[in-house]
Amino acid sequence: MTQQTNPSRDPNRVVIFDTTLRDGEQSPGCSMNLEEKLRIALVLEEMGVDIIEAGFPIASPGDFEAVHEIAKVIKDSTVCGLARATRGDIERCAEAVRPAERKRIHTFLSTSALHMKYKLQMEPEAVHQAIIDSVTMARNLCDDVEWSPEDGSRTDHDFLCRVVESAIKAGASTINIPDTVGYAVPHEFGALIAMLMNRVPNIDKAVISVHCHNDLGLAVANSLAAVKAGARQIECTINGLGERAGNCAMEEVVMALRTRADDMPFTNGIRTENIMKASRLVSAVTGFVVQPNKAIVGANAFAHESGIHQDGVLKNAQTYEIMTPESVGLNQSTLVLGKHSGRHAFREKLKELGYELGDNAFQDTFRRFKDLADKKKEVYNEDIVALVDDEVVRTNDRIQVVSLEVLCGTVHRPPKAELELEIDGIRRNCKATGDGPVDAVFNCVKELVPHTARLLLYQVSAVTQGTDAQAEVTVRLEEKGKSVNGQSADTDTIVASAKAYVNALNKLLVKRERTAPSALSA
Ligand code: KIV
Ligand code: ZN
């Protein structure tokens with residue numbers, strides 16, 4: 001029974017479909033490894049996401065493995081895989097999602113005149129038949145099938161109604177209308193959904209979903225207009241990650257629904273208090289820093305700078321705050337622990353922040369917390385999160401930074417670095433100069449671990465405020481068309497830079513090993 005025809009289903013419940021791991025991963029320069037995808041999937045499940053689109057299984061063995069592994073561990077959310085309208089794609093997708101308790105195949109085919117003529121080079125009748133065949137095939141392999149007419153918002157209405165009706169007849173229980181190129185505007189997109197609701201005779205047998213891209217900055221507004229017109233599934237990503245300008249941002253659309261329930265009386269299953277945790281994790285894993293003034297999750301989203309605003313907020317928070325920081329999981333930066341805090345307090349704090357570490361990881365993180373507390377006057381929640389993320393990121397790395405010394409300043413000598421690495425258990429060191437201290441350190445790494453990878457991104461941001469804040473560094477490397485992000489955090493920016501570079505190299509090694517086992521040198 002479909003969700004829409006199921007009498008026990010709340011007709012005002014909006015299904016949240018997260019595609020951070022699929023469309024989000026299609027962001028230029030964004031790639032996640034298996035372990036990172038698993039961590040994100042678990043956080044999405046914990047926050048109450050209904051459907052997790054875990055990847056595009058036919059795209060690569062790595063994509064298949066990620067969907068398959070996520071399907072094994074996720075219990076509460078439906079695990080979905082994407083497939084084009086071909087037998088190979090659909091069978092591979094069915095195989096990838098097979099272990100999931102709740103599984104879905106999402107298959108799609110372009111339907112706009114432009115896409116059919118130039119991209120598919122198919123006549124509309126052939127496209128229509130391919131839709132019936134592919135949905136039927138998917139439905140024979142999986143009870144839950146979603147179908148999307150790619151470039152749906154630019155598709156001829158008569159043709160759209162016809163193919164949607166056929167897809168439902170063939171067994172699709174969710175019809176997703178994508179605004180693939182982010183061209184729609186809210187009143188028009190809402191009208192498109194209303195048109196489908198009115199004209200497709202069997203539309204009550206399916207849930208209408210929307211998938212909006214943000215090329216004109218309208219993805220959230222279009223999604224909300226669609227829900228008002230009858231759509232009951234929103235496809236979105238954490239931090240609005242996705243192709244080009246990204247997708248509808250989950251944190252924005254969900255908080256809009258929650259904050260303006262007076263105007264939009266719809267429910268959903270998202271525990272909004274988990275939003276910041278998910279946002280930080282996705283940002284740390286991808287290296288896509290959230291802009292400070294980004295709605296909901298930007299560093300300034302709840303900051304009041306002007307005296308008049310501060311005064312108003314102190315008198316009554318509602319004067320300038322339409323939602324509370326706590327509702328998105330942003331607790332006031334509280335002093336958490338000091339250098340005298342013991343293991344018990346540290347373990348309790350980790351639990352409060354949602355982490356459960358194994359014994360070895362716990363001991364290592366505790367030791368690093370003590371080091372940090374020695375260096376830093378105040379240790380905040382954000383510091384602990386950066387510390388744990390750093391620990392998880394670097395576990396199992398074959399190359400580790402042992403020690404680093406750097407000489408730089410206004411003296412008329414090139415900056416110098418001396419670095420010691422442990423590579424597969426063997427210690428090696430080297431000295432190098434460079435245009436700046438970071439360049440000198442990176443030259444050392446290149447000498448100790450020869451490689452041909454290109455540096456695509458070097459980015460530094462502060463975890464908290466103050467000159468003793470930890471620096472969070474992201475390094476993106478590219479080799480043979482594949483890119484990886486390395487991260488690290490440390491109170492010393494140069495040390496964090498060295499560790500982030502080395503972390504990226506470790507990820508490249510894993511990528512290389514997956515294709516062909518190789519030695520450390522390129
Ligand atoms: O943007 C798009 O059209 C898509 C489809 C695969 C749903 O991502
Ligand atoms: Zn998309």
# chains A, B, ... in the order shown; residues from 1 in each chain; ligands from 1
call {"tool": "residues_around", "arguments": {"residues": "A:Glu35", "least_positions_apart": "3", "cutoff": "12 Å", "atoms": "only C-alpha atoms", "output": "list in words"}}
result
Ser31, Met32, Leu38, Arg39, Ile40, Ala41, Leu42, Gly62, Glu65, Ala66, Val67, Glu69, Ile70, Val285, Val392, Val393, Arg394, Thr395, Asn396, Lys507 and Val510 of chain A
call {"tool": "write_last_selection", "arguments": {"atoms": "all heavy atoms", "output": "compact mmCIF listing (two decimals), in the first residue's frame"}}
result
# COMPACT_ATOMS: atom_id res chain seq x y z
N SER A 31 34.30 14.41 -2.46
CA SER A 31 34.20 12.96 -2.51
C SER A 31 34.37 12.44 -1.09
O SER A 31 35.09 13.01 -0.30
CB SER A 31 35.23 12.35 -3.45
OG SER A 31 36.46 12.23 -2.81
N MET A 32 33.65 11.39 -0.78
CA MET A 32 33.70 10.86 0.59
C MET A 32 34.08 9.39 0.50
O MET A 32 33.68 8.71 -0.44
CB MET A 32 32.32 10.97 1.24
CG MET A 32 31.72 12.35 1.20
SD MET A 32 30.03 12.32 1.85
CE MET A 32 29.26 13.56 0.83
N LEU A 38 29.47 6.16 5.90
CA LEU A 38 28.79 5.43 6.97
C LEU A 38 28.50 6.33 8.16
O LEU A 38 27.41 6.29 8.74
CB LEU A 38 29.64 4.24 7.42
CG LEU A 38 29.52 2.98 6.57
CD1 LEU A 38 30.63 1.99 6.90
CD2 LEU A 38 28.15 2.31 6.79
N ARG A 39 29.47 7.15 8.51
CA ARG A 39 29.28 8.06 9.65
C ARG A 39 28.14 9.02 9.37
O ARG A 39 27.29 9.29 10.22
CB ARG A 39 30.57 8.86 9.93
CG ARG A 39 31.64 8.04 10.60
CD ARG A 39 32.91 8.83 10.71
NE ARG A 39 32.78 9.94 11.63
CZ ARG A 39 33.53 11.04 11.56
NH1 ARG A 39 34.43 11.18 10.62
NH2 ARG A 39 33.37 11.99 12.44
N ILE A 40 28.11 9.55 8.15
CA ILE A 40 27.04 10.50 7.81
C ILE A 40 25.68 9.79 7.81
O ILE A 40 24.69 10.30 8.34
CB ILE A 40 27.33 11.19 6.45
CG1 ILE A 40 28.54 12.12 6.62
CG2 ILE A 40 26.11 11.97 5.94
CD1 ILE A 40 29.01 12.78 5.35
N ALA A 41 25.64 8.58 7.24
CA ALA A 41 24.37 7.84 7.20
C ALA A 41 23.84 7.62 8.62
O ALA A 41 22.63 7.77 8.87
CB ALA A 41 24.57 6.51 6.48
N LEU A 42 24.73 7.27 9.55
CA LEU A 42 24.28 7.02 10.93
C LEU A 42 23.73 8.30 11.57
O LEU A 42 22.74 8.27 12.30
CB LEU A 42 25.43 6.44 11.75
CG LEU A 42 25.77 4.98 11.40
CD1 LEU A 42 27.11 4.56 12.01
CD2 LEU A 42 24.66 4.03 11.86
N GLY A 62 33.25 1.57 -5.69
CA GLY A 62 33.22 2.28 -4.41
C GLY A 62 31.80 2.73 -4.07
O GLY A 62 31.37 2.64 -2.93
N GLU A 65 29.78 -0.35 -3.07
CA GLU A 65 30.15 -0.81 -1.73
C GLU A 65 29.54 0.10 -0.66
O GLU A 65 29.02 -0.39 0.36
CB GLU A 65 31.68 -0.81 -1.61
CG GLU A 65 32.19 -1.51 -0.37
CD GLU A 65 33.69 -1.32 -0.18
OE1 GLU A 65 34.32 -0.56 -0.95
OE2 GLU A 65 34.20 -1.92 0.79
N ALA A 66 29.57 1.41 -0.91
CA ALA A 66 29.03 2.35 0.09
C ALA A 66 27.52 2.10 0.30
O ALA A 66 27.05 2.00 1.43
CB ALA A 66 29.27 3.79 -0.36
N VAL A 67 26.77 1.96 -0.79
CA VAL A 67 25.32 1.74 -0.65
C VAL A 67 25.08 0.40 0.07
O VAL A 67 24.24 0.30 0.98
CB VAL A 67 24.62 1.75 -2.04
CG1 VAL A 67 23.13 1.48 -1.89
CG2 VAL A 67 24.84 3.10 -2.74
N GLU A 69 27.07 -1.29 2.15
CA GLU A 69 27.45 -1.27 3.57
C GLU A 69 26.44 -0.44 4.37
O GLU A 69 26.08 -0.80 5.49
CB GLU A 69 28.87 -0.71 3.76
CG GLU A 69 29.96 -1.60 3.20
CD GLU A 69 29.90 -3.04 3.72
OE1 GLU A 69 29.84 -3.21 4.95
OE2 GLU A 69 29.88 -3.98 2.90
N ILE A 70 25.99 0.67 3.80
CA ILE A 70 24.99 1.49 4.51
C ILE A 70 23.70 0.68 4.67
O ILE A 70 23.06 0.70 5.72
CB ILE A 70 24.76 2.83 3.74
CG1 ILE A 70 25.99 3.72 3.90
CG2 ILE A 70 23.50 3.55 4.24
CD1 ILE A 70 26.02 4.95 3.01
N VAL A 285 33.84 16.53 6.74
CA VAL A 285 34.17 15.42 5.85
C VAL A 285 34.43 15.92 4.42
O VAL A 285 35.35 15.46 3.75
CB VAL A 285 33.02 14.37 5.87
CG1 VAL A 285 33.08 13.47 4.66
CG2 VAL A 285 33.08 13.56 7.15
N VAL A 392 38.93 10.18 14.59
CA VAL A 392 38.27 9.18 13.74
C VAL A 392 38.86 9.25 12.33
O VAL A 392 39.12 8.24 11.69
CB VAL A 392 36.74 9.42 13.70
CG1 VAL A 392 36.06 8.44 12.77
CG2 VAL A 392 36.17 9.29 15.10
N VAL A 393 39.12 10.50 11.87
CA VAL A 393 39.66 10.69 10.53
C VAL A 393 41.03 10.02 10.38
O VAL A 393 41.35 9.45 9.34
CB VAL A 393 39.77 12.23 10.25
CG1 VAL A 393 40.79 12.54 9.18
CG2 VAL A 393 38.42 12.79 9.85
N ARG A 394 41.86 10.07 11.44
CA ARG A 394 43.23 9.60 11.28
C ARG A 394 43.48 8.15 11.71
O ARG A 394 44.55 7.63 11.49
CB ARG A 394 44.20 10.53 12.02
CG ARG A 394 44.30 11.89 11.33
CD ARG A 394 45.31 12.80 11.96
NE ARG A 394 45.05 12.97 13.37
CZ ARG A 394 45.75 12.39 14.33
NH1 ARG A 394 46.76 11.62 14.03
NH2 ARG A 394 45.46 12.59 15.58
N THR A 395 42.50 7.51 12.34
CA THR A 395 42.71 6.12 12.76
C THR A 395 42.99 5.30 11.50
O THR A 395 42.41 5.55 10.46
CB THR A 395 41.45 5.55 13.44
OG1 THR A 395 40.81 6.59 14.13
CG2 THR A 395 41.77 4.43 14.41
N ASN A 396 43.87 4.36 11.61
CA ASN A 396 44.25 3.46 10.49
C ASN A 396 45.08 4.13 9.40
O ASN A 396 45.35 3.53 8.37
CB ASN A 396 43.03 2.82 9.81
CG ASN A 396 42.16 2.10 10.80
OD1 ASN A 396 42.69 1.54 11.76
ND2 ASN A 396 40.86 2.11 10.59
N LYS A 507 44.35 8.97 2.34
CA LYS A 507 43.11 8.63 1.62
C LYS A 507 43.42 8.27 0.17
O LYS A 507 42.79 7.39 -0.40
CB LYS A 507 42.13 9.79 1.70
CG LYS A 507 41.54 9.97 3.07
CD LYS A 507 40.50 11.05 3.03
CE LYS A 507 39.84 11.23 4.38
NZ LYS A 507 38.92 12.36 4.37
N VAL A 510 44.49 4.73 0.06
CA VAL A 510 43.35 3.80 0.13
C VAL A 510 42.69 3.70 -1.24
O VAL A 510 42.38 2.61 -1.72
CB VAL A 510 42.33 4.27 1.21
CG1 VAL A 510 41.09 3.42 1.18
CG2 VAL A 510 42.98 4.25 2.58
call {"tool": "residues_around", "arguments": {"residues": "A:Gln291", "least_positions_apart": "6", "cutoff": "10 Å", "atoms": "only C-alpha atoms", "output": "ChimeraX atom specification"}}
result
/A:239,297-301
call {"tool": "residues_around", "arguments": {"residues": "stretch 130-140 of chain A", "least_positions_apart": "3", "cutoff": "10 Å", "atoms": "only C-alpha atoms", "output": "PyMOL selection string"}}
result
chain A and resi 83-87+89-91+93-94+104-111+124-127+143-149+163-173
call {"tool": "closest_atom_pairs", "arguments": {"of": "chain A", "to": "ligand 2", "cutoff": "10 Å", "atoms": "only C-alpha atoms and all ligand atoms", "output": "tab-separated table"}}
result
residue	atom	partner	partner_atom_place_in_ligand_line	distance
A:Thr19	CA	ligand 2	1 (Zn)	8.6
A:Arg22	CA	ligand 2	1 (Zn)	8.8
A:Asp23	CA	ligand 2	1 (Zn)	5.5
A:Gly24	CA	ligand 2	1 (Zn)	8.5
A:Gln26	CA	ligand 2	1 (Zn)	8.8
A:Glu150	CA	ligand 2	1 (Zn)	8.5
A:Asp151	CA	ligand 2	1 (Zn)	9.3
A:Pro178	CA	ligand 2	1 (Zn)	6.9
A:Asp179	CA	ligand 2	1 (Zn)	7.8
A:Thr180	CA	ligand 2	1 (Zn)	5.5
A:Val181	CA	ligand 2	1 (Zn)	8.2
A:Gly182	CA	ligand 2	1 (Zn)	9.3
A:His211	CA	ligand 2	1 (Zn)	6.5
A:Cys212	CA	ligand 2	1 (Zn)	7.1
A:His213	CA	ligand 2	1 (Zn)	6.4
A:Asn214	CA	ligand 2	1 (Zn)	9.8
A:Glu235	CA	ligand 2	1 (Zn)	8.9
A:Cys236	CA	ligand 2	1 (Zn)	9.2
A:Gly242	CA	ligand 2	1 (Zn)	7.2
A:Glu243	CA	ligand 2	1 (Zn)	6.7
A:Arg244	CA	ligand 2	1 (Zn)	9.6
A:Gly246	CA	ligand 2	1 (Zn)	8.2
A:Asn247	CA	ligand 2	1 (Zn)	6.9
A:Cys248	CA	ligand 2	1 (Zn)	9.6
call {"tool": "select_by_dssp", "arguments": {"residues": "stretch 17-87 of chain A", "states": "strand (DSSP E)", "output": "MDAnalysis selection string"}}
result
chainID A and resid 17:18 51:55 78:84
call {"tool": "atom_distance", "arguments": {"atom1": "atom CA of A:Ser327", "atom2": "atom CA of A:Thr259"}}
result
10.1 Å
call {"tool": "residues_around", "arguments": {"residues": "A:Gly425", "least_positions_apart": "4", "cutoff": "12 Å", "atoms": "only C-alpha atoms", "output": "list in words"}}
result
Asn396, Asp397, Arg398, Ile399, Gln400, Val401, Val402 and Leu421 of chain A
call {"tool": "write_last_selection", "arguments": {"atoms": "all heavy atoms", "output": "PDB file, in the first residue's frame"}}
result
ATOM      1  N   ASN A 396      43.869   4.355  11.605  1.00  0.00           N
ATOM      2  CA  ASN A 396      44.252   3.464  10.493  1.00  0.00           C
ATOM      3  C   ASN A 396      45.083   4.129   9.399  1.00  0.00           C
ATOM      4  O   ASN A 396      45.350   3.526   8.371  1.00  0.00           O
ATOM      5  CB  ASN A 396      43.031   2.821   9.809  1.00  0.00           C
ATOM      6  CG  ASN A 396      42.163   2.095  10.797  1.00  0.00           C
ATOM      7  OD1 ASN A 396      42.688   1.541  11.763  1.00  0.00           O
ATOM      8  ND2 ASN A 396      40.865   2.110  10.590  1.00  0.00           N
ATOM      9  N   ASP A 397      45.449   5.409   9.555  1.00  0.00           N
ATOM     10  CA  ASP A 397      46.309   6.033   8.548  1.00  0.00           C
ATOM     11  C   ASP A 397      47.674   5.341   8.516  1.00  0.00           C
ATOM     12  O   ASP A 397      48.273   5.087   9.561  1.00  0.00           O
ATOM     13  CB  ASP A 397      46.503   7.526   8.864  1.00  0.00           C
ATOM     14  CG  ASP A 397      45.354   8.378   8.357  1.00  0.00           C
ATOM     15  OD1 ASP A 397      44.427   7.808   7.738  1.00  0.00           O
ATOM     16  OD2 ASP A 397      45.391   9.599   8.571  1.00  0.00           O
ATOM     17  N   ARG A 398      48.164   5.068   7.312  1.00  0.00           N
ATOM     18  CA  ARG A 398      49.475   4.417   7.193  1.00  0.00           C
ATOM     19  C   ARG A 398      50.614   5.395   7.435  1.00  0.00           C
ATOM     20  O   ARG A 398      51.706   5.014   7.822  1.00  0.00           O
ATOM     21  CB  ARG A 398      49.613   3.810   5.783  1.00  0.00           C
ATOM     22  CG  ARG A 398      48.812   2.529   5.606  1.00  0.00           C
ATOM     23  CD  ARG A 398      48.784   2.104   4.162  1.00  0.00           C
ATOM     24  NE  ARG A 398      50.109   1.796   3.639  1.00  0.00           N
ATOM     25  CZ  ARG A 398      50.352   1.545   2.342  1.00  0.00           C
ATOM     26  NH1 ARG A 398      49.367   1.559   1.468  1.00  0.00           N
ATOM     27  NH2 ARG A 398      51.582   1.261   1.938  1.00  0.00           N
ATOM     28  N   ILE A 399      50.358   6.664   7.143  1.00  0.00           N
ATOM     29  CA  ILE A 399      51.387   7.688   7.367  1.00  0.00           C
ATOM     30  C   ILE A 399      50.922   8.571   8.528  1.00  0.00           C
ATOM     31  O   ILE A 399      49.784   9.042   8.529  1.00  0.00           O
ATOM     32  CB  ILE A 399      51.564   8.588   6.123  1.00  0.00           C
ATOM     33  CG1 ILE A 399      51.610   7.762   4.841  1.00  0.00           C
ATOM     34  CG2 ILE A 399      52.817   9.435   6.244  1.00  0.00           C
ATOM     35  CD1 ILE A 399      51.512   8.611   3.583  1.00  0.00           C
ATOM     36  N   GLN A 400      51.810   8.776   9.496  1.00  0.00           N
ATOM     37  CA  GLN A 400      51.449   9.621  10.652  1.00  0.00           C
ATOM     38  C   GLN A 400      52.513  10.689  10.839  1.00  0.00           C
ATOM     39  O   GLN A 400      53.693  10.443  10.605  1.00  0.00           O
ATOM     40  CB  GLN A 400      51.405   8.772  11.936  1.00  0.00           C
ATOM     41  CG  GLN A 400      50.466   7.582  11.896  1.00  0.00           C
ATOM     42  CD  GLN A 400      49.032   7.933  12.289  1.00  0.00           C
ATOM     43  OE1 GLN A 400      48.734   9.057  12.686  1.00  0.00           O
ATOM     44  NE2 GLN A 400      48.127   6.965  12.136  1.00  0.00           N
ATOM     45  N   VAL A 401      52.085  11.862  11.293  1.00  0.00           N
ATOM     46  CA  VAL A 401      53.058  12.918  11.617  1.00  0.00           C
ATOM     47  C   VAL A 401      53.613  12.629  13.007  1.00  0.00           C
ATOM     48  O   VAL A 401      52.853  12.462  13.962  1.00  0.00           O
ATOM     49  CB  VAL A 401      52.372  14.309  11.606  1.00  0.00           C
ATOM     50  CG1 VAL A 401      53.332  15.381  12.102  1.00  0.00           C
ATOM     51  CG2 VAL A 401      51.862  14.638  10.206  1.00  0.00           C
ATOM     52  N   VAL A 402      54.957  12.549  13.119  1.00  0.00           N
ATOM     53  CA  VAL A 402      55.570  12.301  14.426  1.00  0.00           C
ATOM     54  C   VAL A 402      55.984  13.631  15.055  1.00  0.00           C
ATOM     55  O   VAL A 402      55.646  13.928  16.194  1.00  0.00           O
ATOM     56  CB  VAL A 402      56.800  11.368  14.289  1.00  0.00           C
ATOM     57  CG1 VAL A 402      57.478  11.148  15.643  1.00  0.00           C
ATOM     58  CG2 VAL A 402      56.389  10.047  13.671  1.00  0.00           C
ATOM     59  N   LEU A 421      58.032  11.756   9.800  1.00  0.00           N
ATOM     60  CA  LEU A 421      56.809  10.977   9.563  1.00  0.00           C
ATOM     61  C   LEU A 421      57.067   9.526   9.917  1.00  0.00           C
ATOM     62  O   LEU A 421      58.211   9.047   9.817  1.00  0.00           O
ATOM     63  CB  LEU A 421      56.400  11.026   8.081  1.00  0.00           C
ATOM     64  CG  LEU A 421      56.005  12.364   7.466  1.00  0.00           C
ATOM     65  CD1 LEU A 421      55.597  12.163   6.002  1.00  0.00           C
ATOM     66  CD2 LEU A 421      54.863  13.009   8.234  1.00  0.00           C
TER      67      LEU A 421
END
call {"tool": "closest_residue", "arguments": {"among": "A:Met122, A:Val210, A:Val200, A:Leu387", "to": "ligand 1", "atoms": "only C-alpha atoms and all ligand atoms"}}
result
A:Val210
call {"tool": "select_by_dssp", "arguments": {"residues": "stretch 213-342 of chain A", "states": "helix (DSSP H, G or I)", "output": "MDAnalysis selection string"}}
result
chainID A and resid 219:229 238:240 250:259 272:286 307:315 317:319 325:328
call {"tool": "residues_around", "arguments": {"residues": "A:Thr491", "least_positions_apart": "5", "cutoff": "8 Å", "atoms": "only C-alpha atoms", "output": "PyMOL selection string"}}
result
chain A and resi 372+375-376+468-471+496
call {"tool": "write_last_selection", "arguments": {"atoms": "N, CA and C atoms", "output": "PDB file, in the first residue's frame"}}
result
ATOM      1  N   LEU A 372      45.467  19.292  24.672  1.00  0.00           N
ATOM      2  CA  LEU A 372      44.774  20.512  24.246  1.00  0.00           C
ATOM      3  C   LEU A 372      44.481  21.401  25.448  1.00  0.00           C
ATOM      4  N   LYS A 375      47.290  23.460  26.406  1.00  0.00           N
ATOM      5  CA  LYS A 375      47.641  24.575  25.514  1.00  0.00           C
ATOM      6  C   LYS A 375      46.592  25.673  25.534  1.00  0.00           C
ATOM      7  N   LYS A 376      45.340  25.290  25.749  1.00  0.00           N
ATOM      8  CA  LYS A 376      44.235  26.201  25.556  1.00  0.00           C
ATOM      9  C   LYS A 376      43.602  26.527  26.898  1.00  0.00           C
ATOM     10  N   ASP A 468      43.889  31.519  20.755  1.00  0.00           N
ATOM     11  CA  ASP A 468      44.293  30.152  21.093  1.00  0.00           C
ATOM     12  C   ASP A 468      43.338  29.106  20.497  1.00  0.00           C
ATOM     13  N   ALA A 469      42.460  29.555  19.565  1.00  0.00           N
ATOM     14  CA  ALA A 469      41.499  28.610  18.953  1.00  0.00           C
ATOM     15  C   ALA A 469      42.225  27.547  18.139  1.00  0.00           C
ATOM     16  N   GLN A 470      41.583  26.390  18.019  1.00  0.00           N
ATOM     17  CA  GLN A 470      42.138  25.369  17.126  1.00  0.00           C
ATOM     18  C   GLN A 470      41.884  25.783  15.679  1.00  0.00           C
ATOM     19  N   ALA A 471      42.863  25.531  14.834  1.00  0.00           N
ATOM     20  CA  ALA A 471      42.668  25.767  13.394  1.00  0.00           C
ATOM     21  C   ALA A 471      42.220  24.455  12.773  1.00  0.00           C
ATOM     22  N   ALA A 496      48.424  21.565  12.045  1.00  0.00           N
ATOM     23  CA  ALA A 496      47.152  21.098  11.456  1.00  0.00           C
ATOM     24  C   ALA A 496      47.297  20.957   9.940  1.00  0.00           C
TER      25      ALA A 496
END
call {"tool": "atom_distance", "arguments": {"atom1": "atom CA of A:Val220", "atom2": "atom CA of A:Pro186"}}
result
9.1 Å
call {"tool": "residues_around", "arguments": {"residues": "A:Ser483", "least_positions_apart": "6", "cutoff": "9 Å", "atoms": "only C-alpha atoms", "output": "ChimeraX atom specification"}}
result
/A:29-31,453,456,476-477,508
call {"tool": "residues_around", "arguments": {"residues": "A:Cys161", "least_positions_apart": "4", "cutoff": "12 Å", "atoms": "only C-alpha atoms", "output": "list in words"}}
result
Thr111, His128, Pro149, Gly152, Thr155, Asp156, His157, Glu165, Ser166, Ala167, Ile168, Ile175, Ile177, Leu192, Ile193, Ala194, Met195, Leu196, Met197, Asn198, Arg199, Val200, Pro201, Asn202 and Ile203 of chain A
call {"tool": "write_last_selection", "arguments": {"atoms": "N, CA, C and O atoms", "output": "short mmCIF file (atom, residue, chain, number, x, y, z; two decimals), in the first residue's frame"}}
result
data_model
loop_
_atom_site.label_atom_id
_atom_site.label_comp_id
_atom_site.auth_asym_id
_atom_site.auth_seq_id
_atom_site.Cartn_x
_atom_site.Cartn_y
_atom_site.Cartn_z
N THR A 111 12.73 13.79 -19.52
CA THR A 111 11.45 13.88 -20.24
C THR A 111 11.25 15.23 -20.94
O THR A 111 10.27 15.40 -21.65
N HIS A 128 8.77 7.05 -23.39
CA HIS A 128 7.59 6.58 -22.65
C HIS A 128 7.70 5.08 -22.38
O HIS A 128 7.51 4.60 -21.26
N PRO A 149 11.13 12.07 -13.57
CA PRO A 149 11.33 12.59 -14.92
C PRO A 149 12.41 13.69 -14.83
O PRO A 149 12.12 14.79 -14.35
N GLY A 152 12.13 17.63 -15.10
CA GLY A 152 10.67 17.61 -15.03
C GLY A 152 10.05 19.00 -15.10
O GLY A 152 9.00 19.18 -15.72
N THR A 155 9.44 20.13 -18.60
CA THR A 155 8.81 19.13 -19.47
C THR A 155 7.41 19.59 -19.89
O THR A 155 6.68 20.19 -19.08
N ASP A 156 7.04 19.30 -21.11
CA ASP A 156 5.70 19.61 -21.62
C ASP A 156 4.64 18.97 -20.69
O ASP A 156 4.76 17.78 -20.34
N HIS A 157 3.66 19.74 -20.29
CA HIS A 157 2.71 19.27 -19.28
C HIS A 157 1.93 18.02 -19.71
O HIS A 157 1.75 17.10 -18.91
N GLU A 165 1.51 9.08 -15.13
CA GLU A 165 0.43 8.09 -15.00
C GLU A 165 0.97 6.69 -15.32
O GLU A 165 0.69 5.71 -14.59
N SER A 166 1.76 6.58 -16.38
CA SER A 166 2.30 5.27 -16.77
C SER A 166 3.27 4.73 -15.71
O SER A 166 3.29 3.53 -15.43
N ALA A 167 4.09 5.62 -15.15
CA ALA A 167 5.07 5.17 -14.13
C ALA A 167 4.32 4.63 -12.91
O ALA A 167 4.72 3.61 -12.32
N ILE A 168 3.23 5.29 -12.54
CA ILE A 168 2.46 4.81 -11.37
C ILE A 168 1.82 3.46 -11.71
O ILE A 168 1.87 2.52 -10.90
N ILE A 175 6.52 9.58 -7.00
CA ILE A 175 6.86 10.28 -8.25
C ILE A 175 7.57 11.56 -7.84
O ILE A 175 7.00 12.42 -7.16
N ILE A 177 9.43 15.01 -8.77
CA ILE A 177 9.51 16.00 -9.85
C ILE A 177 10.75 16.86 -9.63
O ILE A 177 10.78 17.73 -8.74
N LEU A 192 2.77 23.68 -10.95
CA LEU A 192 3.10 22.43 -11.66
C LEU A 192 2.63 21.22 -10.83
O LEU A 192 2.03 20.27 -11.35
N ILE A 193 2.90 21.28 -9.53
CA ILE A 193 2.48 20.17 -8.65
C ILE A 193 0.94 20.11 -8.60
O ILE A 193 0.35 19.02 -8.70
N ALA A 194 0.31 21.26 -8.49
CA ALA A 194 -1.17 21.29 -8.45
C ALA A 194 -1.73 20.72 -9.75
O ALA A 194 -2.73 19.98 -9.74
N MET A 195 -1.08 21.04 -10.87
CA MET A 195 -1.53 20.55 -12.17
C MET A 195 -1.47 19.00 -12.18
O MET A 195 -2.42 18.34 -12.61
N LEU A 196 -0.37 18.44 -11.67
CA LEU A 196 -0.25 16.97 -11.64
C LEU A 196 -1.33 16.37 -10.73
O LEU A 196 -1.95 15.36 -11.06
N MET A 197 -1.55 17.01 -9.59
CA MET A 197 -2.57 16.52 -8.65
C MET A 197 -3.95 16.50 -9.32
O MET A 197 -4.75 15.61 -9.08
N ASN A 198 -4.21 17.51 -10.15
CA ASN A 198 -5.53 17.62 -10.79
C ASN A 198 -5.68 16.74 -12.02
O ASN A 198 -6.77 16.26 -12.31
N ARG A 199 -4.59 16.56 -12.76
CA ARG A 199 -4.76 15.95 -14.07
C ARG A 199 -4.38 14.47 -14.17
O ARG A 199 -4.84 13.78 -15.07
N VAL A 200 -3.50 14.00 -13.27
CA VAL A 200 -3.08 12.59 -13.39
C VAL A 200 -4.10 11.72 -12.66
O VAL A 200 -4.26 11.85 -11.43
N PRO A 201 -4.84 10.85 -13.38
CA PRO A 201 -5.99 10.17 -12.75
C PRO A 201 -5.61 9.27 -11.57
O PRO A 201 -6.38 9.15 -10.62
N ASN A 202 -4.41 8.63 -11.61
CA ASN A 202 -4.05 7.71 -10.52
C ASN A 202 -3.06 8.34 -9.53
O ASN A 202 -2.36 7.63 -8.82
N ILE A 203 -3.00 9.67 -9.49
CA ILE A 203 -1.98 10.33 -8.64
C ILE A 203 -2.15 9.98 -7.16
O ILE A 203 -1.19 10.00 -6.39
#
call {"tool": "closest_residue", "arguments": {"among": "A:Tyr183, A:Phe159, A:Tyr118, A:Tyr501", "to": "ligand 1", "atoms": "only C-alpha atoms and all ligand atoms"}}
result
A:Tyr183
call {"tool": "closest_residue", "arguments": {"among": "A:Lys351, A:Lys103, A:Arg9, A:Arg154", "to": "ligand 1", "atoms": "only C-alpha atoms and all ligand atoms"}}
result
A:Arg154
call {"tool": "closest_residue", "arguments": {"among": "A:Lys499, A:Arg102, A:Lys339, A:Lys205", "to": "A:Val379", "atoms": "only C-alpha atoms"}}
result
A:Lys339
call {"tool": "closest_residue", "arguments": {"among": "A:Val282, A:Val441, A:Leu257, A:Ala245", "to": "ligand 1", "atoms": "only C-alpha atoms and all ligand atoms"}}
result
A:Ala245
